[in-house]
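Working notes, structure below.
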Amino acid sequence: MRIAVALAFVLVLGPAARADCPPDCVGGGGPSATDCFVAWSGLPGMSEACADGEACDIDGKVDGVCTLGLQGCINVPGLGACTPAGLSGPPTVTPSKTPTGQALAAALHALDPSTHACTPPGLGLPLKLSLAGIKPGKAHLTVTASSGGKRDRDKLRLTCTPGAAQIGFARDVQPIFTARCAITSCHTNQNRSGGQSLEMGVAYAELWGVVAAVLHTAPYFGPAVIAACALKALGGSIQGKLWPRSDEERSELAVVDESVE
């Protein structure tokens with residue numbers, strides 16, 4: 001059995017559309033004769049990698065979501081040889097099932113396709129969160145606008161990466177274990193209370209190994225065990241026990257793991 005948990009966010013653009021295209025508004029590529037159907041602002045290009053909480057994240061918060069300054073504009077005058085004449089309908093966004101794709105599609109759909117208008121800045125792209133840890137969130141979106149039997153198709157490649165303030169084991173967790181757990185008569189290499197050492201250099205592997213006696217279970221449950229132990233070190237409690245702690249218990253885990261594979 002493979003377990004993956006994704007944290008879903010409600011991603012919306014701002015409340016009101018703009019009537020003008022910002023100075024950095026550019027076509028998304030393709031034939032210049034259709035570039036004005038839909039154009040873009042607020043990005044350095046059609047691809048952007050942004051770190052949560054950095055300058056490109058316009059809300060300035062380390063909150064698991066990169067809020068990009070992206071704006072989509074339709075029927076844009078002054079873009080090369082393209083003359084806007086009104087769209088056949090709202091631009092479409094694919095894939096349409098992702099929260100980021102849905103938010104962009106909703107914002108574009110709110111614009112009047114017969115005239116020039118822009119979505120407000122602010123498109124949310126969440127990090128990918130699971131029991132395996134925090135990973136970059138990615139959105140590969142294709143936006144298509146049509147007018148007079150012609151199409152303008154633009155591709156956006158967006159990435160949100162964890163910011164510097166995201167929790168790390170060596171920086172944030174190991175000092176807790178070193179100060180409160182890896183002490184005499186407790187979780188040291190010599191004493192190994194409960195079968196575990198939490199000394200620097202071995203703690204991560206030891207705790208990951210609690211659920212990694214059968215190796216492929218580790219990516220799903222390792223971080224949860226580490227977090228639980230850190231909370232206990234700070235005064236919390238663990239309901240149950242760390243398992244396995246012996247060769248006999250490891251053999252039991254192998255039987256359980258095979259039964260759910």
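Note on naming: chains are A, B, ... as they come in the structure tokens, residues start from 1 per chain, ligands start from 1 in the order shown.
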
| said: What parts of range 19-231 of chain A does DSSP call strand (DSSP E or B)? I'd like the answer as a VMD selection string. | reply: chain A and resid 26 to 27 38 to 41 47 to 51 65 to 68 71 to 74 92 to 94 117 to 118 123 to 126 128 to 130 133 to 135 137 to 147 150 to 161

| message | Give me, as a PyMOL selection string, all polymer residues having an atom no more than 12 Å from range 115-122 of chain A, counting only C-alpha atoms and skipping those fewer than 4 positions away in the same chain. | response | chain A and resi 11-22+25+36-43+56-60+65-78+83-91+100+103-111+147

| Near-range 193-202 of chain A list (8 Å; only C-alpha atoms; drop same-chain fewer than 2 positions) as a PyMOL selection string | chain A and resi 174+177-178+181-182+185-189+191+204-207+245-246

| query | Hey, can you check how far CA of Lys135 in chain A sits from CA of Lys61 in chain A? | reply |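 CA of Lys135 in chain A sits 17.3 Å away from CA of Lys61 in chain A.
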
| task | Using DSSP on the backbone, list every residue of range 13-167 of chain A that comes out as helix (DSSP H, G or I), and give them as a PyMOL selection string. | result | chain A and resi 99-109

Atoms to include: C-alpha atoms. Write the selected residues as a PDB file, in the first residue's frame.
```
ATOM      1  CA  PRO A  99      -6.126  24.133  -7.612  1.00  0.00           C
ATOM      2  CA  THR A 100      -3.752  26.543  -9.381  1.00  0.00           C
ATOM      3  CA  GLY A 101      -5.240  25.794 -12.800  1.00  0.00           C
ATOM      4  CA  GLN A 102      -8.759  26.188 -11.460  1.00  0.00           C
ATOM      5  CA  ALA A 103      -7.921  29.531  -9.837  1.00  0.00           C
ATOM      6  CA  LEU A 104      -6.392  30.923 -13.032  1.00  0.00           C
ATOM      7  CA  ALA A 105      -9.293  29.647 -15.150  1.00  0.00           C
ATOM      8  CA  ALA A 106     -11.834  31.234 -12.798  1.00  0.00           C
ATOM      9  CA  ALA A 107     -10.048  34.595 -12.907  1.00  0.00           C
ATOM     10  CA  LEU A 108      -9.855  34.592 -16.717  1.00  0.00           C
ATOM     11  CA  HIS A 109     -13.477  33.477 -16.978  1.00  0.00           C
TER      12      HIS A 109
END
```
